Structure formats: C-alpha cells, structure tokens
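Next comes data-v9.pdb, with PDB, C-alpha atoms (C1' of nucleotides).
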ATOM      1  CA  MET A 156      18.869 -30.871  48.679
ATOM      2  CA  ASN A 157      16.005 -32.340  50.683
ATOM      3  CA  SER A 158      12.544 -31.747  49.257
ATOM      4  CA  ALA A 159      11.366 -30.259  52.559
ATOM      5  CA  ALA A 160      13.880 -27.440  52.090
ATOM      6  CA  PHE A 161      11.804 -25.976  49.256
ATOM      7  CA  ALA A 162       8.560 -25.505  51.201
ATOM      8  CA  LEU A 163       9.254 -21.829  51.901
ATOM      9  CA  SER A 164       7.754 -18.731  50.352
ATOM     10  CA  ALA A 165       9.489 -17.826  47.079
ATOM     11  CA  ALA A 166      10.878 -14.648  48.628
ATOM     12  CA  GLU A 167      12.463 -16.684  51.415
ATOM     13  CA  LEU A 168      13.695 -19.452  49.149
ATOM     14  CA  ALA A 169      15.236 -17.302  46.409
ATOM     15  CA  PRO A 170      18.232 -15.987  48.400
ATOM     16  CA  LEU A 171      18.807 -19.441  49.892
ATOM     17  CA  LEU A 172      19.251 -20.881  46.409
ATOM     18  CA  LEU A 173      22.286 -18.662  45.769
ATOM     19  CA  GLY A 174      25.354 -20.878  46.048
ATOM     20  CA  LYS A 175      23.490 -24.077  45.188
ATOM     21  CA  LEU A 176      24.648 -26.108  42.216
ATOM     22  CA  LEU A 177      22.079 -26.671  39.460
ATOM     23  CA  CYS A 178      22.925 -29.890  37.640
ATOM     24  CA  HIS A 179      21.460 -31.492  34.526
ATOM     25  CA  ARG A 180      22.455 -34.976  33.436
ATOM     26  CA  THR A 181      21.872 -35.690  29.758
ATOM     27  CA  PRO A 182      23.132 -38.378  27.371
ATOM     28  CA  GLN A 183      25.743 -35.810  26.290
ATOM     29  CA  GLY A 184      27.090 -35.503  29.808
ATOM     30  CA  LEU A 185      26.671 -33.514  33.004
ATOM     31  CA  ALA A 186      26.473 -29.737  32.984
ATOM     32  CA  ALA A 187      26.280 -27.755  36.207
ATOM     33  CA  GLY A 188      26.527 -24.216  37.469
ATOM     34  CA  MET A 189      26.327 -22.362  40.767
ATOM     35  CA  ILE A 190      23.243 -20.181  41.136
ATOM     36  CA  VAL A 191      24.282 -16.518  41.483
ATOM     37  CA  GLU A 192      21.035 -14.698  40.602
ATOM     38  CA  ALA A 193      17.368 -15.515  41.270
ATOM     39  CA  GLU A 194      13.967 -13.813  41.439
ATOM     40  CA  ALA A 195      10.878 -14.625  43.500
ATOM     41  CA  TYR A 196       7.400 -14.828  41.916
ATOM     42  CA  CYS A 197       4.738 -14.925  44.561
ATOM     43  CA  GLY A 198       1.321 -15.558  43.044
ATOM     44  CA  PRO A 199      -1.603 -15.151  43.336
ATOM     45  CA  GLU A 200      -1.213 -11.585  44.710
ATOM     46  CA  ASP A 201       1.945 -10.864  42.705
ATOM     47  CA  ASP A 202       0.839  -9.263  39.438
ATOM     48  CA  ALA A 203       4.199 -10.116  37.845
ATOM     49  CA  ALA A 204       3.497 -13.838  38.243
ATOM     50  CA  PRO A 205       1.586 -15.840  35.631
ATOM     51  CA  SER A 206      -0.401 -17.309  38.497
ATOM     52  CA  PHE A 207      -1.678 -13.825  39.411
ATOM     53  CA  GLY A 208      -5.278 -13.949  40.523
ATOM     54  CA  GLY A 209      -5.055 -17.707  40.974
ATOM     55  CA  ARG A 210      -4.962 -18.295  37.215
ATOM     56  CA  ARG A 211      -4.457 -22.051  36.958
ATOM     57  CA  THR A 212      -3.798 -23.330  33.451
ATOM     58  CA  ALA A 213      -1.687 -25.975  31.750
ATOM     59  CA  ARG A 214       1.142 -23.461  31.599
ATOM     60  CA  THR A 215       1.098 -22.531  35.285
ATOM     61  CA  GLU A 216       0.079 -25.910  36.682
ATOM     62  CA  ALA A 217       3.564 -26.731  37.987
ATOM     63  CA  MET A 218       3.539 -23.564  40.091
ATOM     64  CA  PHE A 219       0.599 -24.988  42.020
ATOM     65  CA  GLY A 220       2.288 -28.355  42.458
ATOM     66  CA  PRO A 221       4.595 -29.562  45.206
ATOM     67  CA  PRO A 222       7.715 -27.502  45.968
ATOM     68  CA  GLY A 223      11.113 -28.608  44.743
ATOM     69  CA  HIS A 224       9.935 -29.374  41.226
ATOM     70  CA  ALA A 225      10.850 -27.706  37.930
ATOM     71  CA  TYR A 226       8.615 -25.075  36.384
ATOM     72  CA  VAL A 227       9.776 -24.330  32.831
ATOM     73  CA  PHE A 228       8.111 -21.847  30.504
ATOM     74  CA  ARG A 229       8.792 -20.720  26.967
ATOM     75  CA  LEU A 230       9.182 -17.072  26.107
ATOM     76  CA  TYR A 231       9.055 -15.294  22.743
ATOM     77  CA  GLY A 232       8.714 -18.669  21.096
ATOM     78  CA  MET A 233      12.438 -19.336  21.389
ATOM     79  CA  HIS A 234      13.732 -19.184  24.946
ATOM     80  CA  SER A 235      13.087 -21.420  27.950
ATOM     81  CA  CYS A 236      13.184 -20.167  31.519
ATOM     82  CA  PHE A 237      13.768 -22.401  34.531
ATOM     83  CA  ASN A 238      12.101 -21.967  37.919
ATOM     84  CA  VAL A 239      12.181 -23.842  41.209
ATOM     85  CA  VAL A 240       8.666 -24.311  42.565
ATOM     86  CA  ALA A 241       8.365 -22.910  46.102
ATOM     87  CA  ALA A 242       5.733 -22.950  48.856
ATOM     88  CA  PRO A 243       3.428 -25.835  49.841
ATOM     89  CA  GLU A 244       1.284 -27.495  47.184
ATOM     90  CA  GLY A 245      -1.638 -25.283  46.134
ATOM     91  CA  SER A 246       0.261 -22.029  46.689
ATOM     92  CA  PRO A 247       1.544 -20.897  43.268
ATOM     93  CA  GLN A 248       5.028 -19.538  43.927
ATOM     94  CA  ALA A 249       8.318 -20.064  42.123
ATOM     95  CA  VAL A 250      11.882 -18.803  41.926
ATOM     96  CA  LEU A 251      13.235 -17.867  38.493
ATOM     97  CA  ILE A 252      16.903 -18.762  38.099
ATOM     98  CA  ARG A 253      18.534 -15.903  36.169
ATOM     99  CA  ALA A 254      22.265 -16.691  36.153
ATOM    100  CA  LEU A 255      24.830 -19.348  37.007
ATOM    101  CA  GLU A 256      28.577 -19.510  37.365
ATOM    102  CA  PRO A 257      29.514 -22.458  35.125
ATOM    103  CA  VAL A 258      31.169 -25.187  37.182
ATOM    104  CA  GLU A 259      31.063 -28.437  35.251
ATOM    105  CA  GLY A 260      30.577 -29.387  31.605
ATOM    106  CA  LEU A 261      32.014 -26.147  30.238
ATOM    107  CA  ALA A 262      32.852 -27.729  26.899
ATOM    108  CA  LEU A 263      29.279 -28.962  26.585
ATOM    109  CA  MET A 264      27.911 -25.504  27.348
ATOM    110  CA  GLU A 265      30.270 -23.900  24.863
ATOM    111  CA  ARG A 266      29.092 -26.254  22.166
ATOM    112  CA  ARG A 267      25.431 -25.618  22.966
ATOM    113  CA  LEU A 268      25.823 -21.840  22.840
ATOM    114  CA  GLY A 269      28.524 -21.404  20.259
ATOM    115  CA  LEU A 270      30.464 -19.244  22.728
ATOM    116  CA  THR A 271      33.592 -19.802  24.779
ATOM    117  CA  ASP A 272      33.557 -16.891  27.222
ATOM    118  CA  PRO A 273      32.536 -18.475  30.553
ATOM    119  CA  LEU A 274      31.094 -15.122  31.632
ATOM    120  CA  GLN A 275      28.504 -15.357  28.868
ATOM    121  CA  LEU A 276      27.472 -19.002  29.048
ATOM    122  CA  CYS A 277      24.860 -18.769  31.798
ATOM    123  CA  SER A 278      24.312 -15.015  32.240
ATOM    124  CA  GLY A 279      20.564 -14.831  31.680
ATOM    125  CA  PRO A 280      17.536 -17.065  32.218
ATOM    126  CA  GLY A 281      17.279 -18.078  28.563
ATOM    127  CA  LYS A 282      20.995 -18.675  28.117
ATOM    128  CA  LEU A 283      21.435 -20.889  31.158
ATOM    129  CA  CYS A 284      18.606 -23.087  29.913
ATOM    130  CA  ARG A 285      20.400 -23.474  26.603
ATOM    131  CA  ALA A 286      23.707 -24.165  28.343
ATOM    132  CA  LEU A 287      22.156 -26.891  30.530
ATOM    133  CA  ALA A 288      19.732 -28.113  27.844
ATOM    134  CA  ILE A 289      16.688 -27.371  29.979
ATOM    135  CA  GLY A 290      13.420 -27.088  28.078
ATOM    136  CA  PRO A 291       9.760 -28.162  28.062
ATOM    137  CA  ALA A 292      10.870 -31.804  28.414
ATOM    138  CA  GLN A 293      11.991 -30.999  31.961
ATOM    139  CA  TYR A 294       8.640 -29.421  32.951
ATOM    140  CA  GLY A 295       7.545 -30.711  36.343
ATOM    141  CA  LEU A 296      10.635 -32.782  37.085
ATOM    142  CA  ASP A 297      11.343 -33.530  40.739
ATOM    143  CA  LEU A 298      14.533 -31.626  41.555
ATOM    144  CA  CYS A 299      15.481 -34.311  44.037
ATOM    145  CA  GLY A 300      15.626 -36.804  41.170
ATOM    146  CA  GLU A 301      18.503 -38.159  39.122
ATOM    147  CA  GLU A 302      18.260 -36.010  36.021
ATOM    148  CA  LEU A 303      17.806 -32.398  37.072
ATOM    149  CA  PHE A 304      18.771 -31.600  40.648
ATOM    150  CA  LEU A 305      20.268 -29.136  43.113
ATOM    151  CA  THR A 306      23.161 -29.778  45.469
ATOM    152  CA  ASP A 307      24.822 -27.724  48.191
ATOM    153  CA  PHE A 308      27.964 -26.074  46.873
ATOM    154  CA  ARG A 309      28.859 -23.001  48.878
ATOM    155  CA  GLY A 310      27.208 -20.410  51.066
ATOM    156  CA  PHE A 311      26.969 -16.642  51.056
ATOM    157  CA  SER A 312      26.596 -14.375  54.056
ATOM    158  CA  PRO A 313      23.691 -11.879  54.075
ATOM    159  CA  ALA A 314      26.208  -9.093  53.411
ATOM    160  CA  GLU A 315      27.226 -10.807  50.165
ATOM    161  CA  ILE A 316      23.664 -10.948  48.820
ATOM    162  CA  CYS A 317      22.320  -7.906  46.958
ATOM    163  CA  VAL A 318      18.651  -7.118  46.360
ATOM    164  CA  SER A 319      16.962  -5.137  43.576
ATOM    165  CA  PRO A 320      13.629  -4.918  41.753
ATOM    166  CA  ARG A 321      12.924  -7.776  39.356
ATOM    167  CA  VAL A 322      13.994  -7.432  35.743
ATOM    168  CA  ASN A 323      11.466  -6.581  33.001
ATOM    169  CA  VAL A 324       8.280  -6.755  35.003
ATOM    170  CA  ASP A 325       7.380  -3.098  34.625
ATOM    171  CA  TYR A 326       3.923  -4.173  33.507
ATOM    172  CA  ALA A 327       3.255  -5.366  37.077
ATOM    173  CA  LEU A 328       1.984  -2.084  38.491
ATOM    174  CA  GLY A 329       1.361  -3.454  41.954
ATOM    175  CA  TYR A 330       4.537  -5.431  42.626
ATOM    176  CA  ARG A 331       7.205  -4.223  40.203
ATOM    177  CA  ASP A 332       9.096  -2.370  42.920
ATOM    178  CA  ARG A 333       9.334  -5.300  45.297
ATOM    179  CA  LEU A 334      12.980  -6.147  46.022
ATOM    180  CA  TRP A 335      12.613  -9.745  44.918
ATOM    181  CA  ARG A 336      15.720 -10.082  42.777
ATOM    182  CA  PHE A 337      18.676 -11.541  44.661
ATOM    183  CA  PHE A 338      22.224 -11.802  43.376
ATOM    184  CA  VAL A 339      25.773 -12.347  44.587
ATOM    185  CA  LYS A 340      27.624  -9.110  45.261
ATOM    186  CA  ASP A 341      30.382  -8.226  42.793
ATOM    187  CA  CYS A 342      29.907 -11.517  40.964
ATOM    188  CA  PRO A 343      30.903 -11.263  37.267
ATOM    189  CA  TYR A 344      28.551 -14.104  36.335
ATOM    190  CA  VAL A 345      25.413 -12.148  37.228
ATOM    191  CA  SER A 346      23.422 -11.120  34.136
ATOM    192  CA  ARG A 347      23.969  -7.611  32.778
ATOM    193  CA  VAL A 348      20.864  -5.505  33.360
ATOM    194  CA  PRO A 349      19.898  -1.815  32.930
ATOM    195  CA  ARG A 350      20.930   0.614  35.650
ATOM    196  CA  ARG A 351      17.426   0.844  37.040
ATOM    197  CA  TYR A 352      17.902  -2.687  38.399
ATOM    198  CA  ALA A 353      21.079  -1.827  40.308
ATOM    199  CA  SER A 354      21.494  -3.134  43.833
ATOM    200  CA  ARG A 355      19.352  -1.424  46.473
ATOM    201  CA  GLY A 356      21.493  -2.867  49.250
ATOM    202  CA  THR A 357      22.264  -6.233  50.777
ATOM    203  CA  LEU A 358      20.546  -8.616  53.147
ATOM    204  CA  GLY A 359      23.259  -7.984  55.696
TER
ATOM    205  C1'  DT B  91     -10.853 -19.836  14.933
ATOM    206  C1'  DG B  92      -8.309 -15.325  15.291
ATOM    207  C1'  DT B  93      -5.590 -12.116  17.645
ATOM    208  C1'  DC B  94      -2.342 -10.669  21.039
ATOM    209  C1'  DC B  95       1.849 -10.937  23.462
ATOM    210  C1'  DG B  96       5.904 -12.035  26.509
ATOM    211  C1'  DA B  97       9.923 -13.275  33.607
ATOM    212  C1'  DT B  98      14.796 -12.636  26.466
ATOM    213  C1'  DT B  99      18.424 -12.143  23.458
ATOM    214  C1'  DG B 100      21.546 -10.370  20.134
ATOM    215  C1'  DG B 101      22.320  -7.342  16.492
ATOM    216  C1'  DT B 102      21.642  -2.073  14.560
TER
ATOM    217  C1'  DC C  16      16.009   0.700  19.633
ATOM    218  C1'  DC C  17      14.000  -3.347  17.354
ATOM    219  C1'  DA C  18      12.992  -7.872  15.319
ATOM    220  C1'  DA C  19      12.850 -12.895  15.990
ATOM    221  C1'  DT C  20       9.233 -16.536  16.606
ATOM    222  C1'  DC C  21       5.354 -19.399  18.549
ATOM    223  C1'  DG C  22       2.130 -21.692  21.769
ATOM    224  C1'  DG C  23      -0.911 -20.428  25.472
ATOM    225  C1'  DA C  24      -4.672 -17.591  26.874
ATOM    226  C1'  DC C  25      -8.687 -15.415  25.982
ATOM    227  C1'  DA C  26     -12.290 -13.049  23.314
ATOM    228  C1'  DG C  27     -15.898 -13.847  20.029
TER
END

Could I get this file's structure written as structure tokens?
Amino acid sequence: MNSAAFALSAAELAPLLLGKLLCHRTPQGLAAGMIVEAEAYCGPEDDAAPSFGGRRTARTEAMFGPPGHAYVFRLYGMHSCFNVVAAPEGSPQAVLIRALEPVEGLALMERRLGLTDPLQLCSGPGKLCRALAIGPAQYGLDLCGEELFLTDFRGFSPAEICVSPRVNVDYALGYRDRLWRFFVKDCPYVSRVPRRYASRGTLG
DNA sequence: TGTCCGATTGGT
DNA sequence: CCAATCGGACAG
C-alpha cells in the first residue's frame, strides 16, 4: 500500500483496511493474515483514545506521527495491540486491528500461540500480535517498509462490512456509542465479543 | 517515589 | 466473574 493511502481520518480508513494483508517478516519466517476486524480511534475529541484532549506522551507519540506507521501499545502488562496510524501528521488518530484471517505462516503462528485451531490464532488484538510477533520493538515502524507492511489482498463491498460500537470502551462516556468498529459480515475469524457489540447494520 | 489502571485473555 | 502482570501517567 502507498503511504498516501493512509492519510484519511481513522473512521474512513478503518473499513478500507478490511481485506488488506498484514505481514510481518522475522528471522523465523513470514507470517501474514487478512484484516477482518478494525476499530477507529479519533483523538483528541474521542474520549476512548489515549490521545484524548491532545495528550501527547511517549506512549501516544506515534499517533501524532505520519500516517501509515505502526502504533503499538502494551495492555495489562502482557498483551500488545497493533494500530495503523491514520490522518495527517499532528492529528492523533489510529486504527486498532482486532482480528485477522491467517493466510501465511500458519505453522509459525501455531507455535507462537500453542494452538492449532486457525479460528483462534488471530481472533483478538492481543492474540494477533502474538501470532505475528508484533510488540514494542515494532513501535513506529513505517508500514511501507520491508519488515512490517500491508498489501492489497481482496476487497469487500459495503454490504459485506458490518458496524458496531467499539469493544470495551464503556469508560468513554462521550464516544462509546460511536459505530467505529468494522468487521466482515459472517466471517468466522472475527473476534468473539459480548452481544452488546453485535452488528448494528452494514455500510451498504 | 507511590499509586492506579487498562483498546485483553483464558480459566472458574 | 476474576486474576494475571507491569510500565506509563499523574499526583504529591
């Protein structure tokens, strides 16, 4: 993908990332999966985003950087979450990648997770980072580079893309109901979430 | 320097 | 429903 393609608002970019292939080359080999679920975080107004209120710290710095780079954060001291930085430099927006359909390097992913069910290898933001070995070392990487990158894989029509509220941001009183979670309709690789996050319809 | 806490996950 | 586990953020 061209770097110019990422200079959209996170809410515009998120659904466009569905169908793209997220690839990570490591010394162990290449692991890749098709993005099937993503969420938009649109700071500084979005009170679910760490950049809410324009908070600019070492942790959120990548969100303020140029689009098309990796923003990785650690959660609960044990999980990493991968985001694609959106919007022009200075505007802190990012798209959280929540699930992939494994496409390449399945054996590698299985080894990293200790699981063999392909439906469970990349079904969640923390798990897909483990499967692709994405962590703090990939913070800020240019996604048009050689190590961690996105490629076109397939497309989805608006009618195939479901929307819902974002998962586990109930603390965000102002923006928790925004329909900024996007996922592929009837796709078994989408992460399992509580009923309250069920589809509210499609883009079609 | 001390306290608080999470954009998750997996097991009870 | 609940614990795991830890560095960043912020108050003092």

What separation in Å, quoted to one decimal, exists between CA of Cys317 (chain A) and CA of Tyr231 (chain A)?
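Spanning CA of Cys317 (chain A) to CA of Tyr231 (chain A) is a straight-line distance of 28.6 Å.
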
Between CA of Phe338 (chain A) and CA of Ile316 (chain A), what distance in Å does the model show, to one decimal?
5.7 Å

Per residue of region 265-356 of chain A within 8 Å of region 93-98 of chain B, note the shortest atom pair and the distance in Å to one decimal, counting only C-alpha atoms (C1' of nucleotides), and order the rows by chain and increasing residue number, as a Markdown table.
| residue | atom | partner | partner_atom | distance |
| --- | --- | --- | --- | --- |
| A:Pro280 | CA | B:DT98 | C1' | 7.8 |
| A:Gly281 | CA | B:DT98 | C1' | 6.3 |
| A:Val322 | CA | B:DA97 | C1' | 7.4 |
| A:Asn323 | CA | B:DA97 | C1' | 6.9 |
| A:Val324 | CA | B:DA97 | C1' | 6.9 |

Excluding same-chain residues fewer than 4 positions from DG22 (chain C), what lies within 10 Å of it counting only C-alpha atoms (C1' of nucleotides), as a PyMOL selection string?
chain A and resi 229-232

Counting only C-alpha atoms (C1' of nucleotides), which residues of chain A fall within 12 Å of chain C, and what is the closest atom pair for each with its distance in Å at one decimal, ordered by chain and rising number, as a tab-separated table?
residue	atom	partner	partner_atom	distance
A:Pro205	CA	C:DA24	C1'	10.9
A:Arg210	CA	C:DA24	C1'	10.4
A:Arg211	CA	C:DA24	C1'	11.0
A:Thr212	CA	C:DA24	C1'	8.8
A:Ala213	CA	C:DG23	C1'	8.4
A:Arg214	CA	C:DG23	C1'	7.1
A:Thr215	CA	C:DG23	C1'	10.2
A:Phe228	CA	C:DG23	C1'	10.4
A:Arg229	CA	C:DG22	C1'	8.5
A:Leu230	CA	C:DC21	C1'	8.8
A:Tyr231	CA	C:DT20	C1'	6.3
A:Gly232	CA	C:DC21	C1'	4.3
A:Met233	CA	C:DT20	C1'	6.4
A:His234	CA	C:DT20	C1'	9.8
A:Pro291	CA	C:DG22	C1'	11.8

How big is the axis-aligned box, and where does its centre sit, when it encloses all atoms of region 240-243 of chain A listed in the file and has 4 Å added on every side, reported in Å to one decimal as lines of an AutoDock Vina configuration file?
center_x = 6.0
center_y = -24.4
center_z = 46.2
size_x = 13.2
size_y = 10.9
size_z = 15.3

The residue from A:Pro199, A:Gly279, A:Gly209, A:Pro222 with the smallest atom-to-atom distance to chain B, counting only C-alpha atoms (C1' of nucleotides), is A:Gly279

Residues matched by the PyMOL selection byres ((chain A and resi 282) around 10), written as number ranges by chain
A: 234-236, 253-255, 264, 267-268, 275-281, 283-289, 346; B: 98-99

Restricting the output to C-alpha atoms (C1' of nucleotides), write the selected residues as a short mmCIF file (atom, residue, chain, number, x, y, z; two decimals), keeping the file's coordinate frame.
data_model
loop_
_atom_site.label_atom_id
_atom_site.label_comp_id
_atom_site.auth_asym_id
_atom_site.auth_seq_id
_atom_site.Cartn_x
_atom_site.Cartn_y
_atom_site.Cartn_z
CA HIS A 234 13.73 -19.18 24.95
CA SER A 235 13.09 -21.42 27.95
CA CYS A 236 13.18 -20.17 31.52
CA ARG A 253 18.53 -15.90 36.17
CA ALA A 254 22.26 -16.69 36.15
CA LEU A 255 24.83 -19.35 37.01
CA MET A 264 27.91 -25.50 27.35
CA ARG A 267 25.43 -25.62 22.97
CA LEU A 268 25.82 -21.84 22.84
CA GLN A 275 28.50 -15.36 28.87
CA LEU A 276 27.47 -19.00 29.05
CA CYS A 277 24.86 -18.77 31.80
CA SER A 278 24.31 -15.02 32.24
CA GLY A 279 20.56 -14.83 31.68
CA PRO A 280 17.54 -17.07 32.22
CA GLY A 281 17.28 -18.08 28.56
CA LEU A 283 21.44 -20.89 31.16
CA CYS A 284 18.61 -23.09 29.91
CA ARG A 285 20.40 -23.47 26.60
CA ALA A 286 23.71 -24.16 28.34
CA LEU A 287 22.16 -26.89 30.53
CA ALA A 288 19.73 -28.11 27.84
CA ILE A 289 16.69 -27.37 29.98
CA SER A 346 23.42 -11.12 34.14
"C1'" DT B 98 14.80 -12.64 26.47
"C1'" DT B 99 18.42 -12.14 23.46
#

For the atom pair CA of Phe161 (chain A) and CA of Arg347 (chain A), what is the interatomic distance in Å to one decimal place?
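We find that CA of Phe161 (chain A) and CA of Arg347 (chain A) lie 27.5 Å from each other.
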
For chain B, which of A:Phe308, A:Gln293, A:Val348, A:Ser164 is the closest residue, counting only C-alpha atoms (C1' of nucleotides)?
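Answer, going by the shortest atom-to-atom distance: A:Val348.
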
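Of the listed residues (A:Pro320, A:Gly329, A:Pro313, A:Pro170), A:Pro170 comes nearest to Ile252 (chain A); the distances count only C-alpha atoms.
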
From the coordinates I just gave you, please extract region 228-282 of chain A so that only C-alpha atoms remain, then output it as a tab-separated table (two decimals), in the first residue's frame.
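Full text of result-v8.tsv as output:
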chain	number	residue	atom	x	y	z
A	228	PHE	CA	0.84	-0.32	22.95
A	229	ARG	CA	1.04	-2.75	25.83
A	230	LEU	CA	-2.00	-3.64	27.86
A	231	TYR	CA	-2.30	-5.31	31.28
A	232	GLY	CA	1.44	-5.75	31.27
A	233	MET	CA	1.22	-8.78	28.99
A	234	HIS	CA	-0.53	-8.08	25.70
A	235	SER	CA	0.47	-5.92	22.74
A	236	CYS	CA	-2.04	-4.22	20.48
A	237	PHE	CA	-1.28	-3.11	16.93
A	238	ASN	CA	-2.65	0.03	15.29
A	239	VAL	CA	-2.22	1.71	11.92
A	240	VAL	CA	-1.64	5.43	12.34
A	241	ALA	CA	-4.20	7.45	10.35
A	242	ALA	CA	-4.71	11.12	9.46
A	243	PRO	CA	-2.03	13.70	8.57
A	244	GLU	CA	0.90	14.24	10.92
A	245	GLY	CA	-0.14	16.14	14.06
A	246	SER	CA	-3.66	14.69	14.12
A	247	PRO	CA	-3.63	11.80	16.63
A	248	GLN	CA	-5.78	9.10	15.05
A	249	ALA	CA	-5.24	5.37	14.66
A	250	VAL	CA	-6.99	2.16	13.66
A	251	LEU	CA	-6.79	-0.78	16.06
A	252	ILE	CA	-6.53	-4.11	14.24
A	253	ARG	CA	-8.70	-6.59	16.18
A	254	ALA	CA	-8.69	-9.77	14.09
A	255	LEU	CA	-7.11	-11.46	11.08
A	256	GLU	CA	-7.82	-14.49	8.96
A	257	PRO	CA	-4.48	-16.34	8.99
A	258	VAL	CA	-3.11	-16.62	5.45
A	259	GLU	CA	0.58	-17.41	5.61
A	260	GLY	CA	2.92	-18.82	8.24
A	261	LEU	CA	0.24	-20.86	10.00
A	262	ALA	CA	2.78	-23.23	11.50
A	263	LEU	CA	4.70	-20.28	12.91
A	264	MET	CA	1.55	-18.83	14.44
A	265	GLU	CA	0.59	-22.18	15.92
A	266	ARG	CA	3.98	-22.46	17.56
A	267	ARG	CA	3.80	-18.93	18.95
A	268	LEU	CA	0.36	-19.46	20.47
A	269	GLY	CA	0.43	-23.11	21.36
A	270	LEU	CA	-2.84	-23.59	19.46
A	271	THR	CA	-3.72	-25.21	16.16
A	272	ASP	CA	-7.27	-24.03	15.53
A	273	PRO	CA	-6.92	-21.40	12.77
A	274	LEU	CA	-10.08	-19.72	14.05
A	275	GLN	CA	-8.32	-18.90	17.31
A	276	LEU	CA	-4.89	-17.80	16.11
A	277	CYS	CA	-5.65	-14.16	15.33
A	278	SER	CA	-9.11	-13.59	16.85
A	279	GLY	CA	-8.34	-10.66	19.13
A	280	PRO	CA	-5.95	-7.71	19.20
A	281	GLY	CA	-3.59	-9.32	21.71
A	282	LYS	CA	-3.59	-12.72	20.04
